[in-house]
Amino acid sequence: MKQSLLIVEDDAATCAFLADNLTADGFNVACASELGEGLRAIEMRHPSLVLLDLALEGEAGGLDLLDRVRGADGIGSRIDPDLPVIVLTGRATEADRVRGFARGADDYLVKPFHYGELLGRVHAVLRRAQGRPQRGVLRVGELTLDPSTRAVRMAGRPLHLSAKEFALLQALAEDPTRVKTKTELLRDVWGYVAIGRTRTVDAHACRLRRKLGESGRAWVLNVRGVGYRLTEAP
Amino acid sequence: MSVALAVALVGWAVAAVLAVAWVRSRRRLELVARAAHELRGPATVIGLGVAALSREPGGLRRALALEPQLDRLAAGLADLDAARTGRRAAARPAALPLERVLRGTAAGWGPVARFAGRRLRFRWDGAPAVVSADRGRLAQVLGNLVSNAIEHGSGPVEVSGRRAGPRALVEVRDAGPAGPADEARRADHGRGLRIAGEAVEEAGGTLTLEQTPEGTLAAVELPLAEP
């Protein structure tokens with residue numbers, strides 16, 4: 001599946017040429033030119049990574065956008081506060097770079113840059129971000145889960161889950177390939193520690209698997225004697 | 001007029017001159033910063049355009065020829081920024097395939113040589129060499145040496161590279177006459193050679209310019225990158 005990038009950049013020519021190159025290299029690319037548009041695109045498109053210019057249209061700059069992303073609570077908000085961000089800017093001094101990293105940039109590249117270097121850094125940051133626990137809107141393949149609206153979609157089609165099914169799915173989707181033990185799931189989803197054997201987790205997992213199963217991919221995988229994980233590694 | 005009054009007036013005059021100089025200096029720095037900012041945007045777009053060009057049929061060779069020029073531009077912009085604090089930009093060494101950079105430099109200067117009625121030949125001998133150098137600084141070194149040979153030399157310009165033990169060697173030869181012409185080369189392009197010399201030294205290498213019976217030879221030795 002193609003990874004999606006968002007370019008937040010006020011210069012249309014830079015945005016267009018950057019998008020052309022990144023699209024040719026296999027990414028889905030969207031552009032935004034100012035803070036509000038950038039935040040909306042992050043909320044709606046859930047990009048895998050943002051390329052952020054610091055000088056944007058309007059009064060607010062790229063660092064303000066970075067503050068808003070890093071300040072998101074990741075529960076009520078649709079924005080993942082750990083969203084990978086690479087700053088692309090003409091501000092080249094050491095103080096500028098330090099400020100960028102201090103405000104939460106994952107990487108910092110000064111214009112004009114070598115496209116090959118940018119591409120290498122994009123892959124490196126995405127590689128580091130792979131497998132991290134996600135917050136905000138969760139995406140695993142075609143499955144999208146929005147904790148703020150409690151909406152779940154499979155390939156754009158809404159799914160109707162009970163409160164506990166949703167909570168179980170959220171717990172698994174935060175780290176989709178890690179096996180979570182039944183004890184962990186009972187503690188995180190039901191809020192108690194079971195004494196003795198219980199079929200509660202298994203029963204909910206079975207129902208959840210049935211509801212997700214229509215997509216053709218295997219979901220909610222049982223690891224016998226241990227617990228569950230949402231899916232196989234891609 | 002009392003002595004005290006005269007001293008006070010002189011003091012005020014000196015303070016006023018210094019204040020005007022300070023304001024002018026600040027203004028100059030601001031203008032340099034604005035110019036650098038205005039250059040960064042177009043330079044970024046051109047670089048991305050060259051990357052796009054390299055994907056088109058037959059575009060890779062042209063893109064390769066433009067890359068060193070863009071690298072020189074980026075290095076110049078970094079220096080312009082750093083000059084505001086009275087320094088050169090710090091080098092950012094990376095492992096660079098020397099043959100590719102050298103081939104790009106030769107391809108970029110080939111049309112210039114042809115326009116001047118000269119030929120530019122490129123040759124790489126033996127195993128590939130990866131050097132540890134700042135991309136922009138290396139482009140400055142090679143660009144200055146080749147342009148110097150085209151503008152001030154004569155006969156064909158020969159650019160060659162090879163591995164030589166733990167180092168890589170680049171040679172730029174032309175059939176330019178020794179003596180006064182060499183002096184002119186040194187004088188007219190003193191700045192370019194100085195930039196090239198500083199960049200080579202920064203990368204831990206050496207730059208020599210010598211007259212040979214056949215003409216002029218500029219030789220650069222660079223350390224290989226750690227494997």
# chains A, B, ... in the order shown; residues from 1 in each chain; ligands from 1
call {"tool": "interface_residues", "arguments": {"of": "chain A", "to": "chain B", "cutoff": "12 Å", "atoms": "only C-alpha atoms", "output": "number ranges by chain"}}
result
A: 9-25, 53, 55, 88-94, 109-119
call {"tool": "residues_around", "arguments": {"residues": "Lys164 (chain A)", "least_positions_apart": "2", "cutoff": "10 Å", "atoms": "only C-alpha atoms", "output": "list in words"}}
result
Leu161, Ser162, Phe166, Ala167, Leu168, Leu169, Gln170, Val189, Trp190, Val201, His204, Ala205 and Leu208 of chain A
call {"tool": "write_last_selection", "arguments": {"atoms": "N, CA and C atoms", "output": "short mmCIF file (atom, residue, chain, number, x, y, z; two decimals), in the first residue's frame"}}
result
data_model
loop_
_atom_site.label_atom_id
_atom_site.label_comp_id
_atom_site.auth_asym_id
_atom_site.auth_seq_id
_atom_site.Cartn_x
_atom_site.Cartn_y
_atom_site.Cartn_z
N LEU A 161 -19.70 -1.30 15.72
CA LEU A 161 -19.14 -2.11 16.80
C LEU A 161 -19.74 -1.69 18.13
N SER A 162 -19.83 -2.64 19.05
CA SER A 162 -20.26 -2.28 20.41
C SER A 162 -19.11 -1.54 21.10
N PHE A 166 -15.19 -1.93 20.19
CA PHE A 166 -14.40 -0.79 19.75
C PHE A 166 -13.14 -0.65 20.62
N ALA A 167 -13.33 -0.77 21.93
CA ALA A 167 -12.19 -0.62 22.85
C ALA A 167 -11.15 -1.72 22.61
N LEU A 168 -11.63 -2.94 22.35
CA LEU A 168 -10.71 -4.05 22.07
C LEU A 168 -9.95 -3.79 20.78
N LEU A 169 -10.68 -3.33 19.76
CA LEU A 169 -10.05 -3.03 18.46
C LEU A 169 -9.00 -1.92 18.63
N GLN A 170 -9.35 -0.90 19.40
CA GLN A 170 -8.41 0.22 19.62
C GLN A 170 -7.15 -0.27 20.31
N VAL A 189 -8.95 -3.05 28.53
CA VAL A 189 -10.27 -2.86 27.93
C VAL A 189 -11.38 -2.96 28.97
N TRP A 190 -11.25 -3.96 29.84
CA TRP A 190 -12.34 -4.17 30.83
C TRP A 190 -12.00 -3.57 32.20
N VAL A 201 -12.57 -12.24 26.79
CA VAL A 201 -11.77 -11.71 25.68
C VAL A 201 -12.02 -12.53 24.42
N HIS A 204 -15.40 -11.70 22.70
CA HIS A 204 -15.40 -10.40 21.99
C HIS A 204 -14.49 -10.44 20.77
N ALA A 205 -13.36 -11.14 20.93
CA ALA A 205 -12.43 -11.23 19.80
C ALA A 205 -13.07 -11.96 18.63
N LEU A 208 -15.55 -9.63 16.95
CA LEU A 208 -14.82 -8.57 16.23
C LEU A 208 -14.23 -9.13 14.93
#
call {"tool": "atom_distance", "arguments": {"atom1": "CA of Val112 (chain B)", "atom2": "CA of Ala35 (chain B)"}}
result
27.5 Å
call {"tool": "residues_around", "arguments": {"residues": "Val220 (chain B)", "least_positions_apart": "3", "cutoff": "9 Å", "atoms": "only C-alpha atoms", "output": "list in words"}}
result
Val141, Leu142, Ala168, Leu169, Val170, Glu171, Val172, Val200, Gly205, Thr206, Leu207, Thr208 and Leu209 of chain B
call {"tool": "write_last_selection", "arguments": {"atoms": "C-alpha atoms", "output": "PDB file, in the first residue's frame"}}
result
ATOM      1  CA  VAL B 141      36.666  22.542  -6.284  1.00  0.00           C
ATOM      2  CA  LEU B 142      36.039  20.669  -9.527  1.00  0.00           C
ATOM      3  CA  ALA B 168      41.517   9.319  -4.766  1.00  0.00           C
ATOM      4  CA  LEU B 169      43.256  11.463  -7.364  1.00  0.00           C
ATOM      5  CA  VAL B 170      41.635  13.942  -9.735  1.00  0.00           C
ATOM      6  CA  GLU B 171      43.644  15.621 -12.485  1.00  0.00           C
ATOM      7  CA  VAL B 172      42.667  18.499 -14.752  1.00  0.00           C
ATOM      8  CA  VAL B 200      40.241  20.552  -0.450  1.00  0.00           C
ATOM      9  CA  GLY B 205      43.168  16.555   0.864  1.00  0.00           C
ATOM     10  CA  THR B 206      45.731  18.498  -1.147  1.00  0.00           C
ATOM     11  CA  LEU B 207      45.543  20.702  -4.235  1.00  0.00           C
ATOM     12  CA  THR B 208      48.592  21.349  -6.407  1.00  0.00           C
ATOM     13  CA  LEU B 209      48.901  23.443  -9.546  1.00  0.00           C
TER      14      LEU B 209
END
call {"tool": "atom_distance", "arguments": {"atom1": "CA of Leu80 (chain B)", "atom2": "CA of Asn148 (chain B)"}}
result
22.6 Å
call {"tool": "residues_around", "arguments": {"residues": "Cys31 (chain A)", "least_positions_apart": "3", "cutoff": "6 Å", "atoms": "only C-alpha atoms", "output": "MDAnalysis selection string"}}
result
chainID A and resid 6:8
call {"tool": "closest_residue", "arguments": {"among": "B:Ser160, B:Ser147, B:Thr216, B:Gln211", "to": "Val101 (chain B)", "atoms": "only C-alpha atoms"}}
result
B:Ser160
call {"tool": "select_by_dssp", "arguments": {"residues": "region 109-188 of chain B", "states": "helix (DSSP H, G or I)", "output": "PyMOL selection string"}}
result
chain B and resi 109-115+135-152+180-188
call {"tool": "write_last_selection", "arguments": {"atoms": "C-alpha atoms", "output": "mmCIF file, in the first residue's frame"}}
result
data_model
loop_
_atom_site.group_PDB
_atom_site.id
_atom_site.type_symbol
_atom_site.label_atom_id
_atom_site.label_comp_id
_atom_site.auth_asym_id
_atom_site.auth_seq_id
_atom_site.Cartn_x
_atom_site.Cartn_y
_atom_site.Cartn_z
ATOM 1 C CA TRP B 109 31.348 22.029 -18.595
ATOM 2 C CA GLY B 110 31.504 20.188 -21.945
ATOM 3 C CA PRO B 111 29.191 22.634 -23.741
ATOM 4 C CA VAL B 112 31.147 25.592 -22.297
ATOM 5 C CA ALA B 113 34.387 24.132 -23.621
ATOM 6 C CA ARG B 114 32.819 23.535 -27.053
ATOM 7 C CA PHE B 115 31.552 27.128 -27.100
ATOM 8 C CA ARG B 135 28.980 17.764 -1.835
ATOM 9 C CA GLY B 136 28.851 21.522 -2.484
ATOM 10 C CA ARG B 137 32.504 22.084 -1.638
ATOM 11 C CA LEU B 138 33.603 19.268 -3.941
ATOM 12 C CA ALA B 139 31.511 20.779 -6.746
ATOM 13 C CA GLN B 140 33.217 24.125 -6.052
ATOM 14 C CA VAL B 141 36.666 22.542 -6.284
ATOM 15 C CA LEU B 142 36.039 20.669 -9.527
ATOM 16 C CA GLY B 143 34.036 23.498 -11.100
ATOM 17 C CA ASN B 144 36.729 26.072 -10.376
ATOM 18 C CA LEU B 145 39.538 23.897 -11.727
ATOM 19 C CA VAL B 146 37.716 22.956 -14.927
ATOM 20 C CA SER B 147 36.441 26.477 -15.633
ATOM 21 C CA ASN B 148 39.941 27.800 -14.991
ATOM 22 C CA ALA B 149 41.364 25.366 -17.543
ATOM 23 C CA ILE B 150 38.742 26.345 -20.136
ATOM 24 C CA GLU B 151 39.070 30.080 -19.668
ATOM 25 C CA HIS B 152 42.830 30.396 -19.249
ATOM 26 C CA PRO B 180 52.935 34.805 -17.915
ATOM 27 C CA ALA B 181 49.806 32.905 -18.854
ATOM 28 C CA ASP B 182 50.127 30.917 -15.668
ATOM 29 C CA GLU B 183 50.524 34.155 -13.719
ATOM 30 C CA ALA B 184 47.362 35.449 -15.362
ATOM 31 C CA ARG B 185 45.588 32.219 -14.461
ATOM 32 C CA ARG B 186 46.657 32.543 -10.884
ATOM 33 C CA ALA B 187 45.870 36.256 -10.665
ATOM 34 C CA ASP B 188 42.522 36.243 -12.470
#
call {"tool": "atom_distance", "arguments": {"atom1": "CA of Leu5 (chain B)", "atom2": "CA of Ala21 (chain B)"}}
result
24.3 Å
call {"tool": "decode", "arguments": {"residues": "region 147-162 of chain A", "atoms": "N, CA and C atoms", "output": "PDB file, in the first residue's frame"}}
result
ATOM      1  N   PRO A 147     -10.821   7.508  17.353  1.00  0.00           N
ATOM      2  CA  PRO A 147     -11.271   7.483  18.756  1.00  0.00           C
ATOM      3  C   PRO A 147     -12.158   8.670  19.122  1.00  0.00           C
ATOM      4  N   SER A 148     -11.962   9.827  18.436  1.00  0.00           N
ATOM      5  CA  SER A 148     -12.736  11.012  18.824  1.00  0.00           C
ATOM      6  C   SER A 148     -14.208  10.859  18.440  1.00  0.00           C
ATOM      7  N   THR A 149     -14.497  10.182  17.325  1.00  0.00           N
ATOM      8  CA  THR A 149     -15.895  10.000  16.912  1.00  0.00           C
ATOM      9  C   THR A 149     -16.349   8.551  17.091  1.00  0.00           C
ATOM     10  N   ARG A 150     -15.420   7.705  17.520  1.00  0.00           N
ATOM     11  CA  ARG A 150     -15.665   6.271  17.695  1.00  0.00           C
ATOM     12  C   ARG A 150     -16.171   5.639  16.397  1.00  0.00           C
ATOM     13  N   ALA A 151     -15.667   6.158  15.287  1.00  0.00           N
ATOM     14  CA  ALA A 151     -16.061   5.621  13.982  1.00  0.00           C
ATOM     15  C   ALA A 151     -15.010   4.629  13.494  1.00  0.00           C
ATOM     16  N   VAL A 152     -15.482   3.544  12.916  1.00  0.00           N
ATOM     17  CA  VAL A 152     -14.577   2.545  12.335  1.00  0.00           C
ATOM     18  C   VAL A 152     -14.975   2.331  10.882  1.00  0.00           C
ATOM     19  N   ARG A 153     -13.994   2.350  10.015  1.00  0.00           N
ATOM     20  CA  ARG A 153     -14.280   2.119   8.595  1.00  0.00           C
ATOM     21  C   ARG A 153     -13.327   1.074   8.048  1.00  0.00           C
ATOM     22  N   MET A 154     -13.870   0.252   7.170  1.00  0.00           N
ATOM     23  CA  MET A 154     -13.045  -0.728   6.463  1.00  0.00           C
ATOM     24  C   MET A 154     -13.148  -0.383   4.983  1.00  0.00           C
ATOM     25  N   ALA A 155     -12.023   0.052   4.390  1.00  0.00           N
ATOM     26  CA  ALA A 155     -11.998   0.494   2.988  1.00  0.00           C
ATOM     27  C   ALA A 155     -13.088   1.544   2.744  1.00  0.00           C
ATOM     28  N   GLY A 156     -13.280   2.435   3.709  1.00  0.00           N
ATOM     29  CA  GLY A 156     -14.249   3.515   3.562  1.00  0.00           C
ATOM     30  C   GLY A 156     -15.664   3.141   3.986  1.00  0.00           C
ATOM     31  N   ARG A 157     -15.916   1.858   4.207  1.00  0.00           N
ATOM     32  CA  ARG A 157     -17.270   1.413   4.576  1.00  0.00           C
ATOM     33  C   ARG A 157     -17.399   1.390   6.101  1.00  0.00           C
ATOM     34  N   PRO A 158     -18.437   2.039   6.655  1.00  0.00           N
ATOM     35  CA  PRO A 158     -18.550   2.073   8.122  1.00  0.00           C
ATOM     36  C   PRO A 158     -18.877   0.704   8.712  1.00  0.00           C
ATOM     37  N   LEU A 159     -18.282   0.430   9.877  1.00  0.00           N
ATOM     38  CA  LEU A 159     -18.585  -0.801  10.612  1.00  0.00           C
ATOM     39  C   LEU A 159     -19.243  -0.416  11.934  1.00  0.00           C
ATOM     40  N   HIS A 160     -20.169  -1.213  12.388  1.00  0.00           N
ATOM     41  CA  HIS A 160     -20.862  -0.905  13.640  1.00  0.00           C
ATOM     42  C   HIS A 160     -20.371  -1.863  14.721  1.00  0.00           C
ATOM     43  N   LEU A 161     -19.704  -1.297  15.719  1.00  0.00           N
ATOM     44  CA  LEU A 161     -19.137  -2.109  16.800  1.00  0.00           C
ATOM     45  C   LEU A 161     -19.742  -1.686  18.128  1.00  0.00           C
ATOM     46  N   SER A 162     -19.831  -2.635  19.054  1.00  0.00           N
ATOM     47  CA  SER A 162     -20.258  -2.282  20.414  1.00  0.00           C
ATOM     48  C   SER A 162     -19.113  -1.542  21.105  1.00  0.00           C
TER      49      SER A 162
END
